>>> print(open('model39.pdb').read())   # PDB, C-alpha atoms
ATOM      1  CA  MET R   1     -35.231  13.960  -0.823
ATOM      2  CA  ASN R   2     -31.629  13.315  -1.758
ATOM      3  CA  ARG R   3     -29.444  12.028   1.089
ATOM      4  CA  LEU R   4     -26.704  14.620   0.475
ATOM      5  CA  LYS R   5     -29.235  17.475   0.511
ATOM      6  CA  GLU R   6     -30.716  16.095   3.721
ATOM      7  CA  LYS R   7     -27.239  15.820   5.280
ATOM      8  CA  TYR R   8     -26.530  19.407   4.217
ATOM      9  CA  GLN R   9     -29.695  20.765   5.820
ATOM     10  CA  LYS R  10     -29.564  18.728   9.046
ATOM     11  CA  GLU R  11     -25.824  18.475   9.809
ATOM     12  CA  ILE R  12     -23.719  20.824   7.675
ATOM     13  CA  VAL R  13     -25.814  24.014   8.015
ATOM     14  CA  PRO R  14     -25.730  24.036  11.847
ATOM     15  CA  SER R  15     -21.998  23.195  12.004
ATOM     16  CA  LEU R  16     -20.997  25.857   9.435
ATOM     17  CA  LYS R  17     -23.324  28.370  11.089
ATOM     18  CA  GLU R  18     -21.507  27.847  14.375
ATOM     19  CA  LYS R  19     -18.030  27.739  12.813
ATOM     20  CA  PHE R  20     -18.403  31.014  10.879
ATOM     21  CA  GLY R  21     -20.516  32.739  13.549
ATOM     22  CA  LEU R  22     -23.378  33.444  11.143
ATOM     23  CA  SER R  23     -26.912  34.138  12.349
ATOM     24  CA  ASN R  24     -28.714  33.872   9.005
ATOM     25  CA  ASN R  25     -29.061  30.469   7.286
ATOM     26  CA  LEU R  26     -28.951  32.144   3.866
ATOM     27  CA  ALA R  27     -25.436  33.476   4.574
ATOM     28  CA  ILE R  28     -24.106  29.909   4.933
ATOM     29  CA  PRO R  29     -22.233  28.670   1.834
ATOM     30  CA  ARG R  30     -24.199  26.196  -0.304
ATOM     31  CA  LEU R  31     -23.905  24.475  -3.657
ATOM     32  CA  GLU R  32     -25.143  26.615  -6.525
ATOM     33  CA  ARG R  33     -24.532  24.522  -9.658
ATOM     34  CA  VAL R  34     -22.349  21.821 -11.191
ATOM     35  CA  THR R  35     -20.919  22.284 -14.681
ATOM     36  CA  ILE R  36     -19.622  19.275 -16.610
ATOM     37  CA  ASN R  37     -17.493  20.378 -19.550
ATOM     38  CA  VAL R  38     -15.670  18.618 -22.409
ATOM     39  CA  GLY R  39     -13.332  20.536 -24.715
ATOM     40  CA  ILE R  40     -12.982  19.381 -28.314
ATOM     41  CA  SER R  41      -9.632  19.808 -30.048
ATOM     42  CA  ALA R  42      -9.336  20.814 -33.695
ATOM     43  CA  SER R  43      -7.996  17.404 -34.709
ATOM     44  CA  LYS R  44     -11.052  15.561 -33.357
ATOM     45  CA  ARG R  45     -13.791  17.837 -34.602
ATOM     46  CA  ASP R  46     -15.927  15.335 -36.541
ATOM     47  CA  ASP R  47     -19.598  14.432 -36.158
ATOM     48  CA  LYS R  48     -19.010  10.942 -34.757
ATOM     49  CA  TYR R  49     -16.754  12.260 -31.981
ATOM     50  CA  LEU R  50     -19.378  14.903 -31.117
ATOM     51  CA  GLU R  51     -22.026  12.163 -30.851
ATOM     52  CA  VAL R  52     -19.780  10.160 -28.480
ATOM     53  CA  ILE R  53     -19.277  13.211 -26.252
ATOM     54  CA  GLU R  54     -22.980  14.064 -26.277
ATOM     55  CA  SER R  55     -24.017  10.516 -25.346
ATOM     56  CA  THR R  56     -21.383  10.366 -22.584
ATOM     57  CA  LEU R  57     -22.492  13.662 -21.032
ATOM     58  CA  THR R  58     -26.147  12.617 -21.301
ATOM     59  CA  ARG R  59     -25.442   9.327 -19.500
ATOM     60  CA  ILE R  60     -23.346  10.944 -16.778
ATOM     61  CA  SER R  61     -25.654  13.883 -16.060
ATOM     62  CA  GLY R  62     -29.113  12.774 -17.181
ATOM     63  CA  GLN R  63     -29.398  15.944 -19.268
ATOM     64  CA  LYS R  64     -28.752  16.773 -22.902
ATOM     65  CA  PRO R  65     -25.537  18.809 -23.312
ATOM     66  CA  VAL R  66     -25.261  22.196 -24.973
ATOM     67  CA  LEU R  67     -22.580  22.618 -27.641
ATOM     68  CA  THR R  68     -20.277  25.592 -27.130
ATOM     69  CA  ILE R  69     -19.375  27.615 -30.207
ATOM     70  CA  ALA R  70     -16.219  29.668 -30.790
ATOM     71  CA  LYS R  71     -16.973  33.395 -30.656
ATOM     72  CA  LYS R  72     -13.834  34.424 -32.517
ATOM     73  CA  ALA R  73     -11.150  32.822 -34.661
ATOM     74  CA  ILE R  74      -7.791  31.814 -33.145
ATOM     75  CA  SER R  75      -5.376  30.653 -35.814
ATOM     76  CA  ALA R  76      -2.814  29.193 -33.378
ATOM     77  CA  PHE R  77      -5.435  26.685 -32.156
ATOM     78  CA  LYS R  78      -6.945  26.152 -35.644
ATOM     79  CA  ILE R  79     -10.290  27.516 -34.479
ATOM     80  CA  ARG R  80     -12.633  29.425 -36.743
ATOM     81  CA  GLU R  81     -15.503  31.568 -35.601
ATOM     82  CA  GLY R  82     -18.622  29.408 -35.346
ATOM     83  CA  ASN R  83     -16.783  26.081 -34.828
ATOM     84  CA  VAL R  84     -17.934  23.729 -32.086
ATOM     85  CA  VAL R  85     -15.203  23.813 -29.415
ATOM     86  CA  GLY R  86     -16.889  21.896 -26.595
ATOM     87  CA  ALA R  87     -19.989  20.611 -24.880
ATOM     88  CA  LYS R  88     -21.302  21.322 -21.398
ATOM     89  CA  VAL R  89     -24.087  20.445 -18.996
ATOM     90  CA  ILE R  90     -25.185  22.609 -16.063
ATOM     91  CA  LEU R  91     -26.905  20.810 -13.181
ATOM     92  CA  ARG R  92     -28.953  22.519 -10.474
ATOM     93  CA  GLY R  93     -31.346  21.412  -7.740
ATOM     94  CA  ASN R  94     -31.889  17.721  -7.034
ATOM     95  CA  ARG R  95     -29.905  16.547 -10.085
ATOM     96  CA  MET R  96     -26.938  18.542  -8.806
ATOM     97  CA  TYR R  97     -27.111  16.922  -5.361
ATOM     98  CA  ASP R  98     -27.494  13.450  -6.931
ATOM     99  CA  PHE R  99     -24.455  14.050  -9.128
ATOM    100  CA  VAL R 100     -22.280  15.389  -6.276
ATOM    101  CA  ASP R 101     -23.285  12.433  -4.096
ATOM    102  CA  LYS R 102     -22.259   9.974  -6.852
ATOM    103  CA  LEU R 103     -19.075  11.950  -7.516
ATOM    104  CA  VAL R 104     -17.934  11.733  -3.889
ATOM    105  CA  SER R 105     -19.069   8.202  -3.052
ATOM    106  CA  VAL R 106     -18.586   6.320  -6.344
ATOM    107  CA  THR R 107     -16.501   8.200  -8.908
ATOM    108  CA  PHE R 108     -13.511   9.385  -6.841
ATOM    109  CA  PRO R 109     -12.883   5.893  -5.400
ATOM    110  CA  ARG R 110     -12.832   4.482  -8.975
ATOM    111  CA  VAL R 111     -10.046   6.818 -10.131
ATOM    112  CA  LYS R 112      -6.776   4.961 -10.522
ATOM    113  CA  ASP R 113      -3.976   6.094  -8.150
ATOM    114  CA  PHE R 114      -6.251   8.686  -6.549
ATOM    115  CA  ARG R 115      -4.640  10.324  -3.531
ATOM    116  CA  GLY R 116      -7.179  13.061  -2.948
ATOM    117  CA  ILE R 117      -8.072  16.432  -4.417
ATOM    118  CA  SER R 118      -5.540  19.199  -4.006
ATOM    119  CA  PRO R 119      -6.890  22.014  -1.805
ATOM    120  CA  LYS R 120      -5.473  24.362  -4.481
ATOM    121  CA  SER R 121      -8.320  23.203  -6.759
ATOM    122  CA  VAL R 122     -10.625  25.508  -4.792
ATOM    123  CA  ASP R 123     -10.450  29.049  -6.189
ATOM    124  CA  THR R 124     -10.639  32.357  -4.290
ATOM    125  CA  HIS R 125     -14.456  32.411  -4.605
ATOM    126  CA  GLY R 126     -14.877  28.946  -3.064
ATOM    127  CA  ASN R 127     -15.545  26.999  -6.288
ATOM    128  CA  LEU R 128     -13.963  23.604  -6.989
ATOM    129  CA  THR R 129     -12.747  22.379 -10.383
ATOM    130  CA  VAL R 130     -11.639  18.788 -10.935
ATOM    131  CA  GLY R 131     -10.397  17.340 -14.220
ATOM    132  CA  PHE R 132     -10.685  13.698 -15.256
ATOM    133  CA  LYS R 133      -8.324  12.257 -17.879
ATOM    134  CA  GLU R 134     -10.777   9.489 -18.732
ATOM    135  CA  HIS R 135     -14.557   9.520 -18.677
ATOM    136  CA  LEU R 136     -14.576   5.794 -17.858
ATOM    137  CA  VAL R 137     -14.440   6.427 -14.080
ATOM    138  CA  PHE R 138     -18.128   7.345 -14.114
ATOM    139  CA  GLY R 139     -20.311   4.322 -13.397
ATOM    140  CA  GLU R 140     -22.881   5.206 -16.064
ATOM    141  CA  VAL R 141     -20.351   4.692 -18.863
ATOM    142  CA  ASP R 142     -19.937   1.062 -19.950
ATOM    143  CA  SER R 143     -16.269   0.478 -20.821
ATOM    144  CA  ASP R 144     -17.165  -2.254 -23.367
ATOM    145  CA  GLU R 145     -19.125   0.197 -25.540
ATOM    146  CA  VAL R 146     -16.455   2.926 -25.553
ATOM    147  CA  GLU R 147     -14.628   3.552 -28.831
ATOM    148  CA  THR R 148     -12.766   6.735 -27.934
ATOM    149  CA  ILE R 149     -11.688   7.950 -24.514
ATOM    150  CA  HIS R 150     -11.934  11.645 -23.690
ATOM    151  CA  GLY R 151     -11.402  13.742 -20.597
ATOM    152  CA  LEU R 152     -13.818  16.062 -18.899
ATOM    153  CA  GLU R 153     -13.915  18.744 -16.262
ATOM    154  CA  VAL R 154     -16.339  19.108 -13.358
ATOM    155  CA  THR R 155     -16.794  22.516 -11.711
ATOM    156  CA  VAL R 156     -18.812  22.767  -8.492
ATOM    157  CA  SER R 157     -19.898  26.382  -7.897
ATOM    158  CA  THR R 158     -20.848  27.596  -4.431
ATOM    159  CA  THR R 159     -22.121  30.745  -2.747
ATOM    160  CA  ALA R 160     -19.042  30.835  -0.484
ATOM    161  CA  SER R 161     -17.501  34.275  -0.037
ATOM    162  CA  ASP R 162     -13.900  33.069   0.128
ATOM    163  CA  ARG R 163     -11.625  30.070  -0.344
ATOM    164  CA  GLN R 164     -11.757  28.865   3.282
ATOM    165  CA  GLN R 165     -15.565  28.791   3.361
ATOM    166  CA  GLY R 166     -15.552  26.766   0.137
ATOM    167  CA  LEU R 167     -12.973  24.315   1.513
ATOM    168  CA  ASP R 168     -14.979  23.853   4.712
ATOM    169  CA  LEU R 169     -18.180  23.261   2.747
ATOM    170  CA  PHE R 170     -16.546  20.675   0.444
ATOM    171  CA  THR R 171     -14.895  18.919   3.388
ATOM    172  CA  ALA R 172     -18.242  18.733   5.201
ATOM    173  CA  LEU R 173     -19.877  17.319   2.047
ATOM    174  CA  GLY R 174     -17.276  14.524   2.031
ATOM    175  CA  PHE R 175     -14.925  15.580  -0.770
ATOM    176  CA  PRO R 176     -11.602  13.723  -0.305
ATOM    177  CA  PHE R 177      -8.884  16.386  -0.028
ATOM    178  CA  LYS R 178      -5.169  15.619   0.290
ATOM    179  CA  LYS R 179      -3.797  16.023   3.767
ATOM    180  CA  SER R 180      -1.438  19.008   4.070
ATOM    181  CA  ASN R 181       2.121  18.431   5.295
ATOM    182  CA  LYS R 182       2.076  21.362   7.705
TER     183      LYS R 182
END
>>> encode(input="model39.pdb", output="structure tokens")
Amino acid sequence: MNRLKEKYQKEIVPSLKEKFGLSNNLAIPRLERVTINVGISASKRDDKYLEVIESTLTRISGQKPVLTIAKKAISAFKIREGNVVGAKVILRGNRMYDFVDKLVSVTFPRVKDFRGISPKSVDTHGNLTVGFKEHLVFGEVDSDEVETIHGLEVTVSTTASDRQQGLDLFTALGFPFKKSNK
């Protein structure tokens, strides 16, 4: 069993149960899925760039990414209907817990000038979205082999009913949030 999942079940569930005054374990907020997403701009829409993004997402997640296709044309962004506009991977179960564990313990400390995640990154439904300017901060990517650098976005979805429950869950899981000046 993954160490983060074990920590969640043995330490976090009882503490959140007590904090929120819940009697049912299923009412306690938990991780639902992790989505790793890369957007592709119109200027970089060639096959080689798509291969780089696919191999990066495969290395980071351990899963083959799905290409996202434009549903309608938007002339201002030079997008035609049917164009590839991104790639994404959705992680659930043990892979999700492995990824979140690596994200918290390895990836965030490798980010240059990292001062913590803003608590505003958690939305009103308790989900967290973090953007990375470079994909090189992930340990699976070898910086010597990289030809082009691209950014990516990681969204951690939860079953939390509101923002505060999500923040408490992420804090208990070890996500490094900025300290508020209040």
>>> closest_residue(input="model39.pdb", among="R:Arg30, R:Lys48, R:His150, R:Arg3", to="Lys102 (chain R)", atoms="only C-alpha atoms")
R:Arg3
>>> atom_distance(input="model39.pdb", atom1="CA of Asn83 (chain R)", atom2="CA of Val38 (chain R)")
14.5 Å
>>> atom_distance(input="model39.pdb", atom1="CA of Val122 (chain R)", atom2="CA of Ala172 (chain R)")
14.3 Å
>>> resolve_selection(input="model39.pdb", expression="the PyMOL selection byres ((chain R and resi 71) around 9)", output="list of chain:residue names")
R:Ile69, R:Ala70, R:Lys72, R:Ala73, R:Arg80, R:Glu81, R:Gly82, R:Asn83
>>> atom_distance(input="model39.pdb", atom1="CA of Leu169 (chain R)", atom2="CA of Phe114 (chain R)")
21.0 Å
>>> closest_residue(input="model39.pdb", among="R:Leu103, R:Met96, R:Val52, R:Ile36", to="Gly174 (chain R)", atoms="all atoms listed in the file")
R:Leu103
>>> closest_atom_pairs(input="model39.pdb", of="region 9-35 of chain R", to="region 88-95 of chain R", cutoff="8 Å", atoms="all atoms listed in the file", output="Markdown table")
| residue | atom | partner | partner_atom | distance |
| --- | --- | --- | --- | --- |
| R:Glu32 | CA | R:Arg92 | CA | 6.8 |
| R:Arg33 | CA | R:Arg92 | CA | 4.9 |
| R:Val34 | CA | R:Leu91 | CA | 5.1 |
| R:Thr35 | CA | R:Ile90 | CA | 4.5 |
>>> resolve_selection(input="model39.pdb", expression="the PyMOL selection byres ((chain R and resi 128) around 12)", output="number ranges by chain")
R: 31-36, 100, 117-127, 129-131, 153-160, 162-171, 175, 177
>>> axis_aligned_box(input="model39.pdb", around="region 6-24 of chain R", padding_each_side="8 Å", output="JSON")
{"center_x": -24.4, "center_y": 25.0, "center_z": 9.0, "size_x": 28.7, "size_y": 34.3, "size_z": 26.7}
>>> residues_around(input="model39.pdb", residues="Thr68 (chain R)", least_positions_apart="3", cutoff="9 Å", atoms="all atoms listed in the file", output="list in words")
Gly39, Asn83, Val84, Val85, Gly86, Ala87 and Lys88 of chain R
>>> closest_residue(input="model39.pdb", among="R:Leu67, R:Leu173, R:Ser161, R:Ile53", to="Val13 (chain R)", atoms="only C-alpha atoms")
R:Leu173
>>> closest_residue(input="model39.pdb", among="R:Asp113, R:Glu51, R:Tyr97, R:Lys19", to="Asn2 (chain R)", atoms="all atoms listed in the file")
R:Tyr97
>>> residues_around(input="model39.pdb", residues="Val106 (chain R)", least_positions_apart="5", cutoff="12 Å", atoms="all atoms listed in the file", output="short mmCIF file (atom, residue, chain, number, x, y, z; two decimals) with C-alpha atoms, in the frame of the given file")
data_model
loop_
_atom_site.label_atom_id
_atom_site.label_comp_id
_atom_site.auth_asym_id
_atom_site.auth_seq_id
_atom_site.Cartn_x
_atom_site.Cartn_y
_atom_site.Cartn_z
CA ASP R 98 -27.49 13.45 -6.93
CA PHE R 99 -24.46 14.05 -9.13
CA VAL R 100 -22.28 15.39 -6.28
CA ASP R 101 -23.28 12.43 -4.10
CA VAL R 111 -10.05 6.82 -10.13
CA VAL R 137 -14.44 6.43 -14.08
CA PHE R 138 -18.13 7.34 -14.11
CA GLY R 139 -20.31 4.32 -13.40
CA GLU R 140 -22.88 5.21 -16.06
CA GLY R 174 -17.28 14.52 2.03
CA PHE R 175 -14.92 15.58 -0.77
CA PRO R 176 -11.60 13.72 -0.30
#
>>> resolve_selection(input="model39.pdb", expression="the PyMOL selection byres ((chain R and resi 14) around 12)", output="list of chain:residue names")
R:Lys7, R:Tyr8, R:Gln9, R:Lys10, R:Glu11, R:Ile12, R:Val13, R:Ser15, R:Leu16, R:Lys17, R:Glu18, R:Lys19, R:Phe20, R:Gly21, R:Leu22, R:Ser23, R:Asn24, R:Asn25, R:Leu26, R:Ala27, R:Ile28, R:Pro29, R:Leu169, R:Ala172
>>> build_atoms(input="model39.pdb", residues="region 25-47 of chain R", atoms="N, CA and C atoms", output="PDB file, keeping the file's coordinate frame")
ATOM      1  N   ASN R  25     -29.305  31.703   8.039  1.00  0.00           N
ATOM      2  CA  ASN R  25     -29.061  30.469   7.286  1.00  0.00           C
ATOM      3  C   ASN R  25     -28.724  30.745   5.824  1.00  0.00           C
ATOM      4  N   LEU R  26     -29.213  31.834   5.268  1.00  0.00           N
ATOM      5  CA  LEU R  26     -28.951  32.144   3.866  1.00  0.00           C
ATOM      6  C   LEU R  26     -27.518  32.640   3.635  1.00  0.00           C
ATOM      7  N   ALA R  27     -26.824  33.031   4.692  1.00  0.00           N
ATOM      8  CA  ALA R  27     -25.436  33.476   4.574  1.00  0.00           C
ATOM      9  C   ALA R  27     -24.466  32.300   4.563  1.00  0.00           C
ATOM     10  N   ILE R  28     -24.955  31.107   4.892  1.00  0.00           N
ATOM     11  CA  ILE R  28     -24.106  29.909   4.933  1.00  0.00           C
ATOM     12  C   ILE R  28     -23.819  29.462   3.506  1.00  0.00           C
ATOM     13  N   PRO R  29     -22.547  29.109   3.196  1.00  0.00           N
ATOM     14  CA  PRO R  29     -22.233  28.670   1.834  1.00  0.00           C
ATOM     15  C   PRO R  29     -23.015  27.410   1.457  1.00  0.00           C
ATOM     16  N   ARG R  30     -23.465  27.364   0.202  1.00  0.00           N
ATOM     17  CA  ARG R  30     -24.199  26.196  -0.304  1.00  0.00           C
ATOM     18  C   ARG R  30     -23.821  25.965  -1.762  1.00  0.00           C
ATOM     19  N   LEU R  31     -24.164  24.793  -2.252  1.00  0.00           N
ATOM     20  CA  LEU R  31     -23.905  24.475  -3.657  1.00  0.00           C
ATOM     21  C   LEU R  31     -24.863  25.263  -4.532  1.00  0.00           C
ATOM     22  N   GLU R  32     -24.326  25.815  -5.614  1.00  0.00           N
ATOM     23  CA  GLU R  32     -25.143  26.615  -6.525  1.00  0.00           C
ATOM     24  C   GLU R  32     -25.438  25.851  -7.812  1.00  0.00           C
ATOM     25  N   ARG R  33     -24.366  25.292  -8.418  1.00  0.00           N
ATOM     26  CA  ARG R  33     -24.532  24.522  -9.658  1.00  0.00           C
ATOM     27  C   ARG R  33     -23.296  23.665  -9.897  1.00  0.00           C
ATOM     28  N   VAL R  34     -23.454  22.664 -10.758  1.00  0.00           N
ATOM     29  CA  VAL R  34     -22.349  21.821 -11.191  1.00  0.00           C
ATOM     30  C   VAL R  34     -22.293  21.902 -12.709  1.00  0.00           C
ATOM     31  N   THR R  35     -21.107  22.215 -13.235  1.00  0.00           N
ATOM     32  CA  THR R  35     -20.919  22.284 -14.681  1.00  0.00           C
ATOM     33  C   THR R  35     -19.987  21.164 -15.101  1.00  0.00           C
ATOM     34  N   ILE R  36     -20.447  20.337 -16.052  1.00  0.00           N
ATOM     35  CA  ILE R  36     -19.622  19.275 -16.610  1.00  0.00           C
ATOM     36  C   ILE R  36     -19.269  19.707 -18.023  1.00  0.00           C
ATOM     37  N   ASN R  37     -17.961  19.771 -18.320  1.00  0.00           N
ATOM     38  CA  ASN R  37     -17.493  20.378 -19.550  1.00  0.00           C
ATOM     39  C   ASN R  37     -16.502  19.456 -20.268  1.00  0.00           C
ATOM     40  N   VAL R  38     -16.629  19.351 -21.588  1.00  0.00           N
ATOM     41  CA  VAL R  38     -15.670  18.618 -22.409  1.00  0.00           C
ATOM     42  C   VAL R  38     -15.205  19.552 -23.519  1.00  0.00           C
ATOM     43  N   GLY R  39     -13.899  19.741 -23.628  1.00  0.00           N
ATOM     44  CA  GLY R  39     -13.332  20.536 -24.715  1.00  0.00           C
ATOM     45  C   GLY R  39     -13.022  19.648 -25.899  1.00  0.00           C
ATOM     46  N   ILE R  40     -13.212  20.164 -27.098  1.00  0.00           N
ATOM     47  CA  ILE R  40     -12.982  19.381 -28.314  1.00  0.00           C
ATOM     48  C   ILE R  40     -11.848  20.028 -29.098  1.00  0.00           C
ATOM     49  N   SER R  41     -10.782  19.267 -29.320  1.00  0.00           N
ATOM     50  CA  SER R  41      -9.632  19.808 -30.048  1.00  0.00           C
ATOM     51  C   SER R  41      -9.927  19.854 -31.548  1.00  0.00           C
ATOM     52  N   ALA R  42      -9.130  20.626 -32.254  1.00  0.00           N
ATOM     53  CA  ALA R  42      -9.336  20.814 -33.695  1.00  0.00           C
ATOM     54  C   ALA R  42      -9.163  19.508 -34.456  1.00  0.00           C
ATOM     55  N   SER R  43      -8.265  18.648 -33.989  1.00  0.00           N
ATOM     56  CA  SER R  43      -7.996  17.404 -34.709  1.00  0.00           C
ATOM     57  C   SER R  43      -9.139  16.397 -34.585  1.00  0.00           C
ATOM     58  N   LYS R  44      -9.976  16.536 -33.580  1.00  0.00           N
ATOM     59  CA  LYS R  44     -11.052  15.561 -33.357  1.00  0.00           C
ATOM     60  C   LYS R  44     -12.428  16.160 -33.585  1.00  0.00           C
ATOM     61  N   ARG R  45     -12.532  17.144 -34.421  1.00  0.00           N
ATOM     62  CA  ARG R  45     -13.791  17.837 -34.602  1.00  0.00           C
ATOM     63  C   ARG R  45     -14.631  17.206 -35.715  1.00  0.00           C
ATOM     64  N   ASP R  46     -15.036  15.954 -35.562  1.00  0.00           N
ATOM     65  CA  ASP R  46     -15.927  15.335 -36.541  1.00  0.00           C
ATOM     66  C   ASP R  46     -17.246  14.960 -35.860  1.00  0.00           C
ATOM     67  N   ASP R  47     -18.249  14.657 -36.676  1.00  0.00           N
ATOM     68  CA  ASP R  47     -19.598  14.432 -36.158  1.00  0.00           C
ATOM     69  C   ASP R  47     -19.687  13.209 -35.244  1.00  0.00           C
TER      70      ASP R  47
END
